[in-house]
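Pasting entry00.pdb here (PDB, C-alpha atoms, pLDDT in the B column):
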```pdb
ATOM      1  CA  GLY A   9      35.184 -71.269 -20.143  1.00 84.00           C
ATOM      2  CA  GLY A  10      33.789 -73.687 -17.601  1.00 86.00           C
ATOM      3  CA  ALA A  11      32.626 -70.899 -15.316  1.00 86.00           C
ATOM      4  CA  SER A  12      30.820 -69.162 -18.163  1.00 87.00           C
ATOM      5  CA  ALA A  13      28.616 -72.233 -18.602  1.00 87.00           C
ATOM      6  CA  PHE A  14      26.892 -71.146 -15.384  1.00 86.00           C
ATOM      7  CA  LEU A  15      27.643 -67.424 -15.117  1.00 83.00           C
ATOM      8  CA  ASN A  16      27.325 -64.524 -17.516  1.00 80.00           C
ATOM      9  CA  ASN A  17      30.340 -64.043 -19.809  1.00 82.00           C
ATOM     10  CA  THR A  18      30.852 -60.338 -19.179  1.00 80.00           C
ATOM     11  CA  PRO A  19      31.633 -60.520 -15.440  1.00 80.00           C
ATOM     12  CA  ILE A  20      34.035 -63.383 -16.076  1.00 84.00           C
ATOM     13  CA  VAL A  21      35.910 -61.315 -18.665  1.00 84.00           C
ATOM     14  CA  VAL A  22      35.819 -58.249 -16.382  1.00 81.00           C
ATOM     15  CA  LEU A  23      37.370 -60.263 -13.545  1.00 81.00           C
ATOM     16  CA  ALA A  24      39.900 -62.146 -15.678  1.00 85.00           C
ATOM     17  CA  ALA A  25      41.096 -59.288 -17.921  1.00 86.00           C
ATOM     18  CA  PRO A  26      43.174 -57.474 -15.254  1.00 85.00           C
ATOM     19  CA  VAL A  27      44.764 -60.771 -14.206  1.00 86.00           C
ATOM     20  CA  ILE A  28      45.631 -61.601 -17.808  1.00 86.00           C
ATOM     21  CA  LYS A  29      46.977 -58.088 -18.314  1.00 86.00           C
ATOM     22  CA  ASP A  30      49.244 -58.351 -15.255  1.00 86.00           C
ATOM     23  CA  VAL A  31      50.509 -61.835 -16.146  1.00 87.00           C
ATOM     24  CA  ALA A  32      51.163 -60.858 -19.773  1.00 85.00           C
ATOM     25  CA  ASN A  33      52.993 -57.694 -18.739  1.00 87.00           C
ATOM     26  CA  SER A  34      55.105 -59.623 -16.219  1.00 88.00           C
ATOM     27  CA  LEU A  35      56.096 -62.023 -19.014  1.00 87.00           C
ATOM     28  CA  GLY A  36      56.860 -59.152 -21.381  1.00 86.00           C
ATOM     29  CA  LEU A  37      54.008 -60.068 -23.723  1.00 83.00           C
ATOM     30  CA  SER A  38      51.198 -57.974 -25.100  1.00 80.00           C
ATOM     31  CA  PRO A  39      47.875 -58.492 -23.257  1.00 83.00           C
ATOM     32  CA  LYS A  40      46.121 -58.167 -26.626  1.00 79.00           C
ATOM     33  CA  ARG A  41      47.339 -61.663 -27.506  1.00 80.00           C
ATOM     34  CA  PHE A  42      45.333 -63.143 -24.639  1.00 84.00           C
ATOM     35  CA  LEU A  43      42.226 -60.981 -24.351  1.00 85.00           C
ATOM     36  CA  ILE A  44      40.596 -62.101 -27.616  1.00 84.00           C
ATOM     37  CA  PRO A  45      41.056 -65.798 -26.744  1.00 87.00           C
ATOM     38  CA  LEU A  46      39.624 -65.071 -23.265  1.00 88.00           C
ATOM     39  CA  SER A  47      36.535 -63.584 -24.858  1.00 87.00           C
ATOM     40  CA  TYR A  48      36.071 -66.467 -27.282  1.00 90.00           C
ATOM     41  CA  ILE A  49      36.591 -69.119 -24.609  1.00 90.00           C
ATOM     42  CA  THR A  50      33.924 -67.535 -22.395  1.00 91.00           C
ATOM     43  CA  ILE A  51      31.518 -67.408 -25.332  1.00 91.00           C
ATOM     44  CA  MET A  52      32.109 -71.073 -26.185  1.00 92.00           C
ATOM     45  CA  GLY A  53      31.815 -72.086 -22.538  1.00 91.00           C
ATOM     46  CA  GLY A  54      28.584 -70.126 -22.189  1.00 89.00           C
ATOM     47  CA  ALA A  55      27.061 -72.067 -25.053  1.00 89.00           C
ATOM     48  CA  CYS A  56      27.507 -75.348 -23.157  1.00 90.00           C
ATOM     49  CA  THR A  57      24.409 -75.000 -20.958  1.00 89.00           C
ATOM     50  CA  LEU A  58      20.953 -73.544 -21.233  1.00 87.00           C
ATOM     51  CA  ILE A  59      21.736 -70.851 -18.659  1.00 85.00           C
ATOM     52  CA  GLY A  60      25.234 -70.057 -19.942  1.00 85.00           C
ATOM     53  CA  THR A  61      24.082 -67.456 -22.432  1.00 84.00           C
ATOM     54  CA  SER A  62      20.967 -65.368 -22.842  1.00 81.00           C
ATOM     55  CA  THR A  63      20.577 -66.546 -26.437  1.00 83.00           C
ATOM     56  CA  ASN A  64      19.976 -70.106 -25.273  1.00 85.00           C
ATOM     57  CA  LEU A  65      17.381 -68.881 -22.779  1.00 84.00           C
ATOM     58  CA  LEU A  66      15.691 -66.862 -25.508  1.00 85.00           C
ATOM     59  CA  VAL A  67      15.515 -69.864 -27.863  1.00 86.00           C
ATOM     60  CA  ASN A  68      14.139 -71.986 -25.025  1.00 85.00           C
ATOM     61  CA  ASP A  69      11.433 -69.393 -24.314  1.00 85.00           C
ATOM     62  CA  MET A  70      10.551 -69.175 -28.004  1.00 87.00           C
ATOM     63  CA  ALA A  71      10.220 -72.971 -28.147  1.00 87.00           C
ATOM     64  CA  ARG A  72       7.944 -72.955 -25.103  1.00 86.00           C
ATOM     65  CA  ASN A  73       5.778 -70.188 -26.601  1.00 86.00           C
ATOM     66  CA  ALA A  74       5.502 -72.146 -29.870  1.00 89.00           C
ATOM     67  CA  GLY A  75       4.290 -75.214 -27.981  1.00 90.00           C
ATOM     68  CA  GLN A  76       7.547 -77.108 -28.527  1.00 90.00           C
ATOM     69  CA  PRO A  77       9.258 -79.062 -25.746  1.00 89.00           C
ATOM     70  CA  VAL A  78      11.679 -76.974 -23.708  1.00 86.00           C
ATOM     71  CA  PHE A  79      15.368 -77.785 -23.347  1.00 86.00           C
ATOM     72  CA  GLY A  80      16.950 -79.326 -20.280  1.00 87.00           C
ATOM     73  CA  ILE A  81      19.769 -77.370 -18.675  1.00 87.00           C
ATOM     74  CA  PHE A  82      22.431 -79.775 -19.995  1.00 90.00           C
ATOM     75  CA  GLU A  83      20.647 -80.978 -23.138  1.00 90.00           C
ATOM     76  CA  ILE A  84      22.900 -79.004 -25.483  1.00 89.00           C
ATOM     77  CA  THR A  85      26.095 -79.743 -23.536  1.00 91.00           C
ATOM     78  CA  PRO A  86      27.403 -82.711 -25.584  1.00 93.00           C
ATOM     79  CA  VAL A  87      27.293 -80.836 -28.889  1.00 92.00           C
ATOM     80  CA  ALA A  88      28.537 -77.601 -27.339  1.00 91.00           C
ATOM     81  CA  LEU A  89      31.496 -79.340 -25.664  1.00 92.00           C
ATOM     82  CA  VAL A  90      32.647 -80.690 -29.032  1.00 93.00           C
ATOM     83  CA  ILE A  91      32.360 -77.217 -30.548  1.00 92.00           C
ATOM     84  CA  ALA A  92      34.170 -75.658 -27.565  1.00 90.00           C
ATOM     85  CA  ALA A  93      36.971 -78.259 -27.794  1.00 92.00           C
ATOM     86  CA  VAL A  94      37.444 -77.643 -31.516  1.00 92.00           C
ATOM     87  CA  GLY A  95      37.307 -73.871 -30.969  1.00 90.00           C
ATOM     88  CA  GLY A  96      39.793 -74.073 -28.098  1.00 87.00           C
ATOM     89  CA  ALA A  97      42.151 -76.198 -30.182  1.00 89.00           C
ATOM     90  CA  TYR A  98      41.865 -73.714 -33.042  1.00 89.00           C
ATOM     91  CA  LEU A  99      42.645 -70.803 -30.710  1.00 85.00           C
ATOM     92  CA  PHE A 100      45.633 -72.640 -29.228  1.00 83.00           C
ATOM     93  CA  PHE A 101      47.208 -74.038 -32.378  1.00 85.00           C
ATOM     94  CA  LEU A 102      46.227 -71.525 -35.068  1.00 83.00           C
ATOM     95  CA  GLY A 103      44.950 -68.416 -33.288  1.00 79.00           C
ATOM     96  CA  ALA A 104      47.875 -67.920 -30.902  1.00 71.00           C
ATOM     97  CA  PRO A 105      50.507 -67.904 -33.657  1.00 73.00           C
ATOM     98  CA  GLN A 106      48.350 -65.476 -35.681  1.00 76.00           C
ATOM     99  CA  LEU A 107      48.006 -63.105 -32.725  1.00 73.00           C
ATOM    100  CA  ALA A 108      51.715 -63.382 -31.918  1.00 67.00           C
ATOM    101  CA  ARG A 109      52.615 -62.567 -35.500  1.00 67.00           C
ATOM    102  CA  SER A 110      50.212 -59.639 -35.833  1.00 60.00           C
ATOM    103  CA  HIS A 111      51.023 -58.004 -32.505  1.00 53.00           C
ATOM    104  CA  GLY A 112      54.605 -59.066 -31.886  1.00 49.00           C
ATOM    105  CA  THR A 113      56.152 -59.386 -28.458  1.00 44.00           C
ATOM    106  CA  THR A 114      58.230 -56.217 -28.470  1.00 46.00           C
ATOM    107  CA  GLU A 115      55.503 -53.591 -28.554  1.00 46.00           C
ATOM    108  CA  SER A 116      56.085 -50.253 -26.942  1.00 46.00           C
ATOM    109  CA  VAL A 117      54.072 -49.265 -23.879  1.00 43.00           C
ATOM    110  CA  ARG A 118      52.119 -46.826 -26.047  1.00 43.00           C
ATOM    111  CA  ASP A 119      51.051 -49.640 -28.411  1.00 46.00           C
ATOM    112  CA  ARG A 120      50.023 -51.876 -25.519  1.00 43.00           C
ATOM    113  CA  HIS A 121      47.564 -49.292 -24.237  1.00 42.00           C
ATOM    114  CA  GLU A 122      46.281 -48.055 -27.569  1.00 45.00           C
ATOM    115  CA  GLN A 123      42.697 -49.295 -27.184  1.00 46.00           C
ATOM    116  CA  THR A 124      41.899 -47.919 -23.738  1.00 47.00           C
ATOM    117  CA  GLY A 125      44.020 -44.817 -23.962  1.00 46.00           C
ATOM    118  CA  ASP A 126      45.494 -44.828 -20.479  1.00 49.00           C
ATOM    119  CA  GLY A 127      46.346 -48.493 -20.228  1.00 49.00           C
ATOM    120  CA  SER A 128      43.663 -49.357 -17.713  1.00 51.00           C
ATOM    121  CA  MET A 129      41.202 -52.176 -18.202  1.00 50.00           C
ATOM    122  CA  GLY A 130      38.391 -50.132 -16.716  1.00 53.00           C
ATOM    123  CA  ASP A 131      37.854 -48.330 -13.460  1.00 52.00           C
ATOM    124  CA  VAL A 132      38.522 -50.942 -10.802  1.00 52.00           C
ATOM    125  CA  GLU A 133      37.082 -48.637  -8.132  1.00 54.00           C
ATOM    126  CA  LEU A 134      33.618 -49.075  -9.657  1.00 50.00           C
ATOM    127  CA  PHE A 135      33.743 -52.773  -8.750  1.00 51.00           C
ATOM    128  CA  ALA A 136      35.604 -52.517  -5.446  1.00 55.00           C
ATOM    129  CA  VAL A 137      33.787 -53.775  -2.381  1.00 57.00           C
ATOM    130  CA  ASP A 138      35.269 -52.912   0.989  1.00 64.00           C
ATOM    131  CA  ARG A 139      34.560 -56.064   2.969  1.00 68.00           C
ATOM    132  CA  PRO A 140      36.763 -58.975   3.937  1.00 78.00           C
ATOM    133  CA  PHE A 141      36.376 -62.451   2.519  1.00 78.00           C
ATOM    134  CA  GLN A 142      33.968 -64.483   4.637  1.00 84.00           C
ATOM    135  CA  PRO A 143      34.514 -68.224   4.127  1.00 87.00           C
ATOM    136  CA  LYS A 144      31.246 -69.261   5.820  1.00 90.00           C
ATOM    137  CA  GLN A 145      29.124 -67.018   3.563  1.00 88.00           C
ATOM    138  CA  ALA A 146      31.115 -68.103   0.515  1.00 87.00           C
ATOM    139  CA  LEU A 147      30.516 -71.762   1.328  1.00 91.00           C
ATOM    140  CA  ILE A 148      26.787 -71.161   1.858  1.00 90.00           C
ATOM    141  CA  SER A 149      26.606 -69.244  -1.429  1.00 88.00           C
ATOM    142  CA  MET A 150      28.385 -72.048  -3.288  1.00 88.00           C
ATOM    143  CA  PHE A 151      26.042 -74.654  -1.794  1.00 91.00           C
ATOM    144  CA  VAL A 152      22.955 -72.609  -2.746  1.00 90.00           C
ATOM    145  CA  PHE A 153      24.361 -72.027  -6.251  1.00 87.00           C
ATOM    146  CA  VAL A 154      24.936 -75.755  -6.788  1.00 88.00           C
ATOM    147  CA  ALA A 155      21.473 -76.533  -5.387  1.00 90.00           C
ATOM    148  CA  VAL A 156      19.868 -74.037  -7.781  1.00 86.00           C
ATOM    149  CA  ILE A 157      21.703 -75.534 -10.772  1.00 83.00           C
ATOM    150  CA  ALA A 158      20.834 -79.076  -9.664  1.00 86.00           C
ATOM    151  CA  GLY A 159      17.179 -78.165  -9.068  1.00 85.00           C
ATOM    152  CA  ALA A 160      16.868 -76.663 -12.533  1.00 80.00           C
ATOM    153  CA  ALA A 161      18.847 -79.484 -14.180  1.00 80.00           C
ATOM    154  CA  LEU A 162      16.728 -82.204 -12.566  1.00 82.00           C
ATOM    155  CA  GLY A 163      13.523 -80.415 -13.520  1.00 78.00           C
ATOM    156  CA  PHE A 164      12.245 -79.762  -9.978  1.00 82.00           C
ATOM    157  CA  ALA A 165      11.191 -76.268 -11.044  1.00 81.00           C
ATOM    158  CA  PRO A 166      11.808 -73.828 -13.917  1.00 79.00           C
ATOM    159  CA  ILE A 167      15.148 -72.043 -13.956  1.00 76.00           C
ATOM    160  CA  ALA A 168      13.650 -68.694 -12.964  1.00 76.00           C
ATOM    161  CA  ALA A 169      11.876 -70.256  -9.979  1.00 81.00           C
ATOM    162  CA  THR A 170      14.991 -72.033  -8.720  1.00 82.00           C
ATOM    163  CA  ALA A 171      17.076 -68.873  -9.135  1.00 80.00           C
ATOM    164  CA  PHE A 172      14.480 -66.843  -7.217  1.00 83.00           C
ATOM    165  CA  ALA A 173      14.373 -69.491  -4.482  1.00 86.00           C
ATOM    166  CA  GLY A 174      18.169 -69.366  -4.271  1.00 86.00           C
ATOM    167  CA  ALA A 175      18.157 -65.576  -3.896  1.00 85.00           C
ATOM    168  CA  VAL A 176      15.493 -65.749  -1.187  1.00 88.00           C
ATOM    169  CA  THR A 177      17.475 -68.459   0.598  1.00 90.00           C
ATOM    170  CA  LEU A 178      20.598 -66.285   0.576  1.00 88.00           C
ATOM    171  CA  ILE A 179      18.594 -63.389   2.008  1.00 88.00           C
ATOM    172  CA  LEU A 180      17.029 -65.546   4.730  1.00 90.00           C
ATOM    173  CA  LEU A 181      20.436 -66.954   5.663  1.00 91.00           C
ATOM    174  CA  ARG A 182      21.763 -63.368   5.820  1.00 88.00           C
ATOM    175  CA  VAL A 183      24.437 -63.999   3.222  1.00 87.00           C
ATOM    176  CA  ILE A 184      23.186 -61.049   1.162  1.00 85.00           C
ATOM    177  CA  SER A 185      20.903 -58.198   2.073  1.00 84.00           C
ATOM    178  CA  PRO A 186      17.612 -57.474   0.312  1.00 83.00           C
ATOM    179  CA  GLU A 187      19.254 -54.326  -1.061  1.00 80.00           C
ATOM    180  CA  GLU A 188      22.074 -56.375  -2.604  1.00 76.00           C
ATOM    181  CA  ALA A 189      19.535 -58.770  -4.108  1.00 73.00           C
ATOM    182  CA  TYR A 190      17.572 -55.840  -5.522  1.00 70.00           C
ATOM    183  CA  ALA A 191      20.753 -54.280  -6.921  1.00 66.00           C
ATOM    184  CA  GLY A 192      21.308 -57.515  -8.849  1.00 58.00           C
ATOM    185  CA  LEU A 193      17.923 -57.050 -10.541  1.00 52.00           C
ATOM    186  CA  ARG A 194      18.599 -53.572 -11.911  1.00 48.00           C
ATOM    187  CA  PRO A 195      18.596 -53.494 -15.740  1.00 45.00           C
ATOM    188  CA  GLU A 196      22.163 -52.216 -15.990  1.00 44.00           C
ATOM    189  CA  VAL A 197      23.363 -55.086 -13.774  1.00 43.00           C
ATOM    190  CA  LEU A 198      21.326 -57.692 -15.644  1.00 42.00           C
ATOM    191  CA  LEU A 199      22.974 -56.587 -18.894  1.00 42.00           C
ATOM    192  CA  LEU A 200      26.334 -57.709 -17.484  1.00 42.00           C
TER     193      LEU A 200
END
```
Rewrite the coordinates I just gave you, this time as structure tokens.
Amino acid sequence: GGASAFLNNTPIVVLAAPVIKDVANSLGLSPKRFLIPLSYITIMGGACTLIGTSTNLLVNDMARNAGQPVFGIFEITPVALVIAAVGGAYLFFLGAPQLARSHGTTESVRDRHEQTGDGSMGDVELFAVDRPFQPKQALISMFVFVAVIAGAALGFAPIAATAFAGAVTLILLRVISPEEAYAGLRPEVLLL
């Protein structure tokens, strides 16, 4: 939920779903019990900042176009954190027992994989990247990411400008290639 305040919800769910599936299966539980809460937690976390969900960005743009003051990146955070805490508590105390009751813990393998057909959570090969982890590039990327968030939060520049500056910085520092930056701008990638 915390990560989705700064990143799009869909990639977080795509990355976390196979982990949740493996952990649930190793515990002998149905992954279905945990995937719905994962989705809801990412949605509630995304609502905590202006950039956490596209809906907040859309409302901000509509306010700007109507001549209203725009929102700060963390302006909605206090209210959203209360809502996320109440939603998380509901999922933990009331939602989990409901899901446990409706799905049971002794489902057959066929029932566990009913939604996707073959039991897979998607084609992992589509997302596989054949390159080793590079700590130096990861550290640079994290620093640039935090700088972009801080620049937008402190009002140094609009969010789009700070994000563009961050992408250019990563290209200039040779952390990503121009082709990788361009691939991130394709419509099908932006929808994620």
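With only C-alpha atoms as the atoms that count, the minimum distance from Gln145 of chain A to the choices A:Ile84, A:Ala25, A:Leu178, A:Ile59 is reached by A:Leu178.
On the file presented, the PyMOL selection byres ((chain A and resi 16) around 9) picks out A:Ala11, A:Ser12, A:Ala13, A:Phe14, A:Leu15, A:Asn17, A:Thr18, A:Pro19, A:Ile20, A:Thr50, A:Gly54, A:Ile59, A:Gly60, A:Thr61, A:Ser62, A:Leu200.
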Give me, as a CSV table (one decimal) with C-alpha atoms, in the frame of the given file, all polymer residues having an atom no more than 8 Å from Thr170 of chain A, counting all atoms listed in the file and skipping those fewer than 6 positions away in the same chain.
```
chain,number,residue,atom,x,y,z
A,156,VAL,CA,19.9,-74.0,-7.8
A,157,ILE,CA,21.7,-75.5,-10.8
A,159,GLY,CA,17.2,-78.2,-9.1
A,160,ALA,CA,16.9,-76.7,-12.5
```
>> With the PyMOL selection byres ((chain A and resi 48) around 12) as the selection, what would be picked from this file? Answer as an MDAnalysis selection string, please.
In response: chainID A and resid 9 12 17:18 20:21 42:47 49:55 91:93 95:100 103
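Counting from atom CA of Asn68 of chain A, the distance to atom CA of Ala161 of chain A is 14.0 Å.
Among the candidates A:Leu147, A:Val94, A:Ala158, A:Ile28, the one nearest to Leu181 of chain A when counting all atoms listed in the file is A:Leu147.
Remark: for Arg72 of chain A, the closest of the candidate residues A:Ile179, A:Thr57, A:Ala171, A:Pro166 is A:Pro166 (distances computed over all atoms listed in the file).
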Build an axis-aligned box that encloses every atom of segment 80-94 of chain A listed in the file, pad it by 5 Å on each side, and report its centre and edge lengths in Å to one decimal, as JSON.
```
{"center_x": 27.2, "center_y": -79.2, "center_z": -25.1, "size_x": 30.5, "size_y": 17.1, "size_z": 22.8}
```
>> One decimal, in Å: what's the spacing between atom CA of Leu162 of chain A and atom CA of Phe79 of chain A?
In response: 11.7 Å
